[in-house]
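J.: Next comes the structure file start-v6.pdb, holding PDB, C-alpha atoms, pLDDT in the B column.
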ATOM      1  CA  MET A   1      88.522  74.921  90.270  1.00 88.00           C
ATOM      2  CA  LEU A   2      89.664  77.633  92.652  1.00 94.00           C
ATOM      3  CA  ILE A   3      86.849  78.910  94.869  1.00 97.00           C
ATOM      4  CA  LYS A   4      86.972  81.836  97.285  1.00 97.00           C
ATOM      5  CA  LYS A   5      84.847  82.381 100.372  1.00 97.00           C
ATOM      6  CA  GLU A   6      84.731  85.299 102.758  1.00 97.00           C
ATOM      7  CA  ALA A   7      86.248  84.344 106.072  1.00 97.00           C
ATOM      8  CA  THR A   8      84.500  84.877 109.378  1.00 95.00           C
ATOM      9  CA  GLU A   9      85.671  84.705 112.959  1.00 94.00           C
ATOM     10  CA  ASN A  10      84.677  81.025 112.891  1.00 96.00           C
ATOM     11  CA  ASN A  11      87.522  80.478 110.381  1.00 96.00           C
ATOM     12  CA  TYR A  12      90.256  82.078 112.484  1.00 96.00           C
ATOM     13  CA  GLU A  13      91.473  78.765 113.886  1.00 96.00           C
ATOM     14  CA  ALA A  14      91.919  77.320 110.374  1.00 97.00           C
ATOM     15  CA  ILE A  15      93.608  80.539 109.236  1.00 97.00           C
ATOM     16  CA  LEU A  16      96.045  80.439 112.126  1.00 96.00           C
ATOM     17  CA  ASP A  17      96.750  76.765 111.419  1.00 96.00           C
ATOM     18  CA  ILE A  18      97.626  77.557 107.797  1.00 97.00           C
ATOM     19  CA  TRP A  19      99.717  80.547 108.853  1.00 96.00           C
ATOM     20  CA  GLU A  20     101.670  78.404 111.320  1.00 95.00           C
ATOM     21  CA  LYS A  21     102.346  75.584 108.833  1.00 96.00           C
ATOM     22  CA  SER A  22     103.263  78.022 106.069  1.00 95.00           C
ATOM     23  CA  ALA A  23     105.489  80.218 108.248  1.00 95.00           C
ATOM     24  CA  LYS A  24     107.379  77.168 109.510  1.00 94.00           C
ATOM     25  CA  GLU A  25     108.137  76.277 105.878  1.00 92.00           C
ATOM     26  CA  THR A  26     108.940  79.765 104.597  1.00 92.00           C
ATOM     27  CA  HIS A  27     110.109  81.909 107.520  1.00 93.00           C
ATOM     28  CA  HIS A  28     113.179  79.989 108.751  1.00 92.00           C
ATOM     29  CA  PHE A  29     114.766  83.293 109.745  1.00 94.00           C
ATOM     30  CA  LEU A  30     112.318  83.838 112.641  1.00 94.00           C
ATOM     31  CA  SER A  31     113.522  83.044 116.133  1.00 93.00           C
ATOM     32  CA  LYS A  32     111.296  80.718 118.167  1.00 94.00           C
ATOM     33  CA  GLU A  33     110.352  83.626 120.443  1.00 95.00           C
ATOM     34  CA  ASP A  34     109.393  85.857 117.520  1.00 94.00           C
ATOM     35  CA  PHE A  35     107.472  83.040 115.825  1.00 94.00           C
ATOM     36  CA  ASP A  36     105.430  82.672 119.027  1.00 95.00           C
ATOM     37  CA  PHE A  37     104.998  86.463 119.210  1.00 95.00           C
ATOM     38  CA  TYR A  38     103.546  86.652 115.690  1.00 95.00           C
ATOM     39  CA  LYS A  39     101.328  83.654 116.359  1.00 94.00           C
ATOM     40  CA  GLU A  40      99.777  85.621 119.227  1.00 94.00           C
ATOM     41  CA  VAL A  41      99.579  88.913 117.300  1.00 93.00           C
ATOM     42  CA  ILE A  42      98.102  87.730 114.009  1.00 92.00           C
ATOM     43  CA  PRO A  43      94.614  86.874 115.342  1.00 92.00           C
ATOM     44  CA  GLN A  44      94.367  90.428 116.703  1.00 91.00           C
ATOM     45  CA  HIS A  45      94.733  91.819 113.170  1.00 91.00           C
ATOM     46  CA  LEU A  46      92.381  89.525 111.265  1.00 95.00           C
ATOM     47  CA  ASP A  47      89.362  91.775 111.860  1.00 93.00           C
ATOM     48  CA  SER A  48      91.133  94.725 110.239  1.00 94.00           C
ATOM     49  CA  VAL A  49      91.553  93.115 106.794  1.00 96.00           C
ATOM     50  CA  ASP A  50      89.231  91.667 104.176  1.00 97.00           C
ATOM     51  CA  LEU A  51      89.899  87.945 104.510  1.00 97.00           C
ATOM     52  CA  LEU A  52      89.259  85.366 101.844  1.00 98.00           C
ATOM     53  CA  LEU A  53      89.643  81.618 102.132  1.00 98.00           C
ATOM     54  CA  TRP A  54      90.743  79.793  98.988  1.00 98.00           C
ATOM     55  CA  TYR A  55      89.612  76.242  98.173  1.00 98.00           C
ATOM     56  CA  ASP A  56      90.201  73.721  95.407  1.00 96.00           C
ATOM     57  CA  GLU A  57      88.129  70.547  95.216  1.00 94.00           C
ATOM     58  CA  GLY A  58      86.991  71.081  98.793  1.00 93.00           C
ATOM     59  CA  ASN A  59      90.539  71.470 100.141  1.00 96.00           C
ATOM     60  CA  LEU A  60      91.448  74.676 101.945  1.00 97.00           C
ATOM     61  CA  ILE A  61      94.472  75.931  99.971  1.00 97.00           C
ATOM     62  CA  GLY A  62      95.170  79.111 101.920  1.00 98.00           C
ATOM     63  CA  PHE A  63      93.966  82.584 102.756  1.00 98.00           C
ATOM     64  CA  SER A  64      94.495  86.167 101.724  1.00 98.00           C
ATOM     65  CA  GLY A  65      93.956  89.428 103.542  1.00 97.00           C
ATOM     66  CA  ILE A  66      93.734  92.829 101.926  1.00 97.00           C
ATOM     67  CA  SER A  67      93.392  96.407 103.108  1.00 97.00           C
ATOM     68  CA  ASP A  68      92.380  98.851 100.395  1.00 96.00           C
ATOM     69  CA  THR A  69      94.816  98.100  97.555  1.00 96.00           C
ATOM     70  CA  GLU A  70      97.448  96.385  99.697  1.00 97.00           C
ATOM     71  CA  LEU A  71      97.869  92.644  99.985  1.00 98.00           C
ATOM     72  CA  VAL A  72      98.556  92.270 103.692  1.00 96.00           C
ATOM     73  CA  MET A  73      98.569  88.464 103.884  1.00 95.00           C
ATOM     74  CA  LEU A  74      98.817  85.606 101.441  1.00 97.00           C
ATOM     75  CA  PHE A  75      99.597  82.258 103.007  1.00 97.00           C
ATOM     76  CA  LEU A  76      99.193  78.839 101.460  1.00 97.00           C
ATOM     77  CA  ASP A  77      99.155  75.446 103.098  1.00 97.00           C
ATOM     78  CA  PRO A  78     102.656  74.093 102.329  1.00 96.00           C
ATOM     79  CA  ASP A  79     101.108  71.105 100.523  1.00 95.00           C
ATOM     80  CA  PHE A  80      99.878  73.544  97.856  1.00 96.00           C
ATOM     81  CA  ILE A  81     102.926  75.820  97.508  1.00 93.00           C
ATOM     82  CA  GLY A  82     104.584  75.627  94.083  1.00 92.00           C
ATOM     83  CA  LYS A  83     101.432  74.466  92.288  1.00 95.00           C
ATOM     84  CA  ARG A  84     100.447  77.865  90.827  1.00 95.00           C
ATOM     85  CA  TYR A  85      97.737  78.536  93.407  1.00 97.00           C
ATOM     86  CA  GLY A  86      99.558  81.624  94.654  1.00 97.00           C
ATOM     87  CA  SER A  87      99.771  83.006  91.116  1.00 97.00           C
ATOM     88  CA  ARG A  88      96.094  82.377  90.462  1.00 97.00           C
ATOM     89  CA  ILE A  89      95.077  83.994  93.753  1.00 98.00           C
ATOM     90  CA  LEU A  90      97.351  86.988  93.214  1.00 98.00           C
ATOM     91  CA  HIS A  91      96.058  87.544  89.670  1.00 97.00           C
ATOM     92  CA  TRP A  92      92.459  87.408  90.891  1.00 97.00           C
ATOM     93  CA  LEU A  93      93.217  89.905  93.671  1.00 98.00           C
ATOM     94  CA  MET A  94      94.975  92.284  91.268  1.00 97.00           C
ATOM     95  CA  GLU A  95      92.183  92.113  88.705  1.00 97.00           C
ATOM     96  CA  ASN A  96      89.220  92.165  91.068  1.00 97.00           C
ATOM     97  CA  LYS A  97      90.445  94.024  94.139  1.00 97.00           C
ATOM     98  CA  GLY A  98      92.993  96.371  92.558  1.00 97.00           C
ATOM     99  CA  ILE A  99      95.922  95.076  94.601  1.00 97.00           C
ATOM    100  CA  ASN A 100      99.016  97.128  93.782  1.00 97.00           C
ATOM    101  CA  GLN A 101     101.035  97.116  97.028  1.00 98.00           C
ATOM    102  CA  ILE A 102     102.637  94.342  99.042  1.00 97.00           C
ATOM    103  CA  ASP A 103     105.066  94.229 101.952  1.00 97.00           C
ATOM    104  CA  VAL A 104     107.229  91.126 102.162  1.00 97.00           C
ATOM    105  CA  ASN A 105     109.883  89.925 104.560  1.00 96.00           C
ATOM    106  CA  THR A 106     113.128  90.640 102.730  1.00 96.00           C
ATOM    107  CA  GLN A 107     114.597  87.400 104.109  1.00 96.00           C
ATOM    108  CA  ASN A 108     111.771  85.402 102.510  1.00 95.00           C
ATOM    109  CA  GLU A 109     113.528  85.314  99.132  1.00 94.00           C
ATOM    110  CA  ASN A 110     110.995  82.960  97.521  1.00 94.00           C
ATOM    111  CA  ALA A 111     108.076  85.271  98.335  1.00 95.00           C
ATOM    112  CA  LYS A 112     109.975  88.370  97.259  1.00 96.00           C
ATOM    113  CA  ASN A 113     110.950  86.741  93.946  1.00 96.00           C
ATOM    114  CA  PHE A 114     107.366  85.515  93.466  1.00 97.00           C
ATOM    115  CA  TYR A 115     106.006  89.068  93.606  1.00 97.00           C
ATOM    116  CA  LEU A 116     108.829  90.477  91.467  1.00 97.00           C
ATOM    117  CA  LYS A 117     108.056  87.809  88.851  1.00 96.00           C
ATOM    118  CA  HIS A 118     104.447  89.021  88.845  1.00 97.00           C
ATOM    119  CA  GLY A 119     105.380  92.581  87.921  1.00 96.00           C
ATOM    120  CA  PHE A 120     105.885  94.191  91.312  1.00 98.00           C
ATOM    121  CA  GLU A 121     108.901  96.428  91.871  1.00 98.00           C
ATOM    122  CA  VAL A 122     110.832  97.373  94.994  1.00 98.00           C
ATOM    123  CA  SER A 123     109.663 100.744  96.261  1.00 97.00           C
ATOM    124  CA  THR A 124     111.474 101.058  99.589  1.00 97.00           C
ATOM    125  CA  GLU A 125     112.964  98.859 102.273  1.00 97.00           C
ATOM    126  CA  ASP A 126     112.921  99.078 106.054  1.00 97.00           C
ATOM    127  CA  GLU A 127     115.483  97.484 108.369  1.00 97.00           C
ATOM    128  CA  ILE A 128     112.828  96.477 110.926  1.00 96.00           C
ATOM    129  CA  ASP A 129     109.244  95.290 110.635  1.00 95.00           C
ATOM    130  CA  GLY A 130     106.142  97.093 111.866  1.00 92.00           C
ATOM    131  CA  PHE A 131     106.553  95.605 115.336  1.00 94.00           C
ATOM    132  CA  GLY A 132     110.119  96.844 115.708  1.00 95.00           C
ATOM    133  CA  LYS A 133     111.527  93.354 115.186  1.00 94.00           C
ATOM    134  CA  PRO A 134     114.854  92.912 113.329  1.00 94.00           C
ATOM    135  CA  TYR A 135     113.271  91.517 110.164  1.00 96.00           C
ATOM    136  CA  PRO A 136     113.747  93.777 107.124  1.00 97.00           C
ATOM    137  CA  ILE A 137     110.662  94.531 105.060  1.00 97.00           C
ATOM    138  CA  THR A 138     110.614  95.169 101.324  1.00 97.00           C
ATOM    139  CA  HIS A 139     107.762  97.371 100.123  1.00 98.00           C
ATOM    140  CA  LEU A 140     106.636  96.404  96.624  1.00 98.00           C
ATOM    141  CA  VAL A 141     104.395  98.271  94.198  1.00 98.00           C
ATOM    142  CA  LYS A 142     102.824  97.350  90.889  1.00 95.00           C
ATOM    143  CA  LYS A 143     103.453 100.063  88.303  1.00 81.00           C
TER     144      LYS A 143
END
Could I get this structure in the form of structure tokens?
T.:
Amino acid sequence: MLIKKEATENNYEAILDIWEKSAKETHHFLSKEDFDFYKEVIPQHLDSVDLLLWYDEGNLIGFSGISDTELVMLFLDPDFIGKRYGSRILHWLMENKGINQIDVNTQNENAKNFYLKHGFEVSTEDEIDGFGKPYPITHLVKK
């Protein structure tokens, strides 16, 4: 059974650990320098989103972060990717938190296709990310 818990600053180390493992599996397009940059930047932004930790049978599956109606972060431990946890989490967030916007790295085709499969549509695209890095971002909206 999927269980959610509000994250606190005490959980930031576990969150960063999941982010690092997940990004290594899904963000092959990042240079080593940029991977290290994001690893330093992410903890600075955790206080600005509503963070939830997701568990199943006592195992930490992943985390999500939202701001208003935008899903800002959804990262799963790679051991749990492809087992429908992402779909279950996304559905809960859409139904209970009104999520209707998501930004995704365009080069992360699996993530982009995941959100498109769940009814999101491409709104706009940017050639660089919010930090001015050369990683295109696709802005998705749920109609």
J.: Find the residues near region 53-56 of chain A: any atom within 7 Å, counting only C-alpha atoms, skip ones fewer than 5 places away on the same chain, and give them as a ChimeraX atom specification.
T.: /A:1-7,61-64
J.: Go through A:Glu57, A:Glu70, A:Glu25, A:Glu9 and flag the residue nearest Pro43 (chain A), using only C-alpha atoms for the distances.
T.: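 Ranked by minimum distance to Pro43 (chain A), first place goes to A:Glu9.
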J.: In Å, rounded to a single decimal, give me how far CA of Glu95 (chain A) is from CA of Ala23 (chain A).
T.: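 Atom-to-atom, CA of Ala23 (chain A) to CA of Glu95 (chain A), that is 26.5 Å.
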J.: To one decimal in Å, tell me the separation between CA of Thr124 (chain A) and CA of Lys142 (chain A).
T.: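 Value for the CA of Thr124 (chain A)-CA of Lys142 (chain A) distance: 12.8 Å.
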J.: What is the distance between CA of Glu13 (chain A) and CA of Phe29 (chain A), in Å to one decimal?
T.: 24.1 Å
J.: Which residues of region 3-70 of chain A come within 9 Å of region 104-121 of chain A, and what is each one's closest atom pair and distance in Å (one decimal), counting only C-alpha atoms, sorted by chain and residue number, as JSON lines?
T.:
{"residue": "A:Thr26", "atom": "CA", "partner": "A:Asn108", "partner_atom": "CA", "distance": 6.6}
{"residue": "A:His27", "atom": "CA", "partner": "A:Asn108", "partner_atom": "CA", "distance": 6.3}
{"residue": "A:His28", "atom": "CA", "partner": "A:Asn108", "partner_atom": "CA", "distance": 8.4}
{"residue": "A:Phe29", "atom": "CA", "partner": "A:Gln107", "partner_atom": "CA", "distance": 7.0}
J.: Go ahead and save the residues from that selection, with C-alpha atoms, as a compact mmCIF listing (two decimals), in the coordinates of the input.
T.:
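File written: result.txt
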# COMPACT_ATOMS: atom_id res chain seq x y z
CA THR A 26 108.94 79.76 104.60
CA HIS A 27 110.11 81.91 107.52
CA HIS A 28 113.18 79.99 108.75
CA PHE A 29 114.77 83.29 109.74
J.: Using the chain letters and numbering of this document, enumerate as a tab-separated table (two decimals) with C-alpha atoms, in the coordinates of the input the residues selected by the PyMOL selection byres ((chain A and resi 76) around 10).
T.:
chain	number	residue	atom	x	y	z
A	15	ILE	CA	93.61	80.54	109.24
A	18	ILE	CA	97.63	77.56	107.80
A	19	TRP	CA	99.72	80.55	108.85
A	21	LYS	CA	102.35	75.58	108.83
A	22	SER	CA	103.26	78.02	106.07
A	23	ALA	CA	105.49	80.22	108.25
A	53	LEU	CA	89.64	81.62	102.13
A	54	TRP	CA	90.74	79.79	98.99
A	60	LEU	CA	91.45	74.68	101.94
A	61	ILE	CA	94.47	75.93	99.97
A	62	GLY	CA	95.17	79.11	101.92
A	63	PHE	CA	93.97	82.58	102.76
A	64	SER	CA	94.50	86.17	101.72
A	73	MET	CA	98.57	88.46	103.88
A	74	LEU	CA	98.82	85.61	101.44
A	75	PHE	CA	99.60	82.26	103.01
A	77	ASP	CA	99.16	75.45	103.10
A	78	PRO	CA	102.66	74.09	102.33
A	79	ASP	CA	101.11	71.10	100.52
A	80	PHE	CA	99.88	73.54	97.86
A	81	ILE	CA	102.93	75.82	97.51
A	82	GLY	CA	104.58	75.63	94.08
A	85	TYR	CA	97.74	78.54	93.41
A	86	GLY	CA	99.56	81.62	94.65
J.: Find, counting all atoms listed in the file, the residue in A:Leu71, A:Ile137, A:Val49, A:Ile42 that gets nearest to Trp92 (chain A).
T.: A:Leu71
J.: Measuring atom to atom with all atoms listed in the file, identify which of A:Leu140, A:Ile102, A:Val72, A:Leu51 is nearest to Thr8 (chain A).
T.: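 Among the listed residues, A:Leu51 lies closest to Thr8 (chain A).
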J.: Using only C-alpha atoms, which protein or nucleic acid residues come within 8 Å of Glu20 (chain A)? Drop anything in the same chain fewer than 4 positions from it, and give the result as a tab-separated table (two decimals) with C-alpha atoms, in the coordinates of the input.
T.:
chain	number	residue	atom	x	y	z
A	16	LEU	CA	96.04	80.44	112.13
A	24	LYS	CA	107.38	77.17	109.51
A	39	LYS	CA	101.33	83.65	116.36
J.: I'd like to see the residues matched by the PyMOL selection byres ((chain A and resi 99) around 7) on this file, and ideally I'd get them as a list in words.
T.: Thr69, Glu70, Leu71, Leu93, Met94, Lys97, Gly98, Asn100 and Gln101 of chain A
J.: I need the residue nearest Asp47 (chain A) from this list: A:Asp17, A:Asn11, A:Phe35, A:Pro134. Use all atoms listed in the file for the distance.
T.: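 Ranked by minimum distance to Asp47 (chain A), first place goes to A:Asn11.
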J.: If I put a ball of radius 9 Å at (114.7, 98.6, 100.5) in the file's coordinates, which residues poke into it when counting only C-alpha atoms, written as an MDAnalysis selection string?
T.: chainID A and resid 106 122:127 136:139
J.: Could you put an axis-aligned box around every listed atom of region 113-129 of chain A, padded by 4 Å on each side, and send me its centre and edge lengths in Å to one decimal, as JSON?
T.:
{"center_x": 110.0, "center_y": 93.3, "center_z": 99.4, "size_x": 19.0, "size_y": 23.5, "size_z": 31.0}
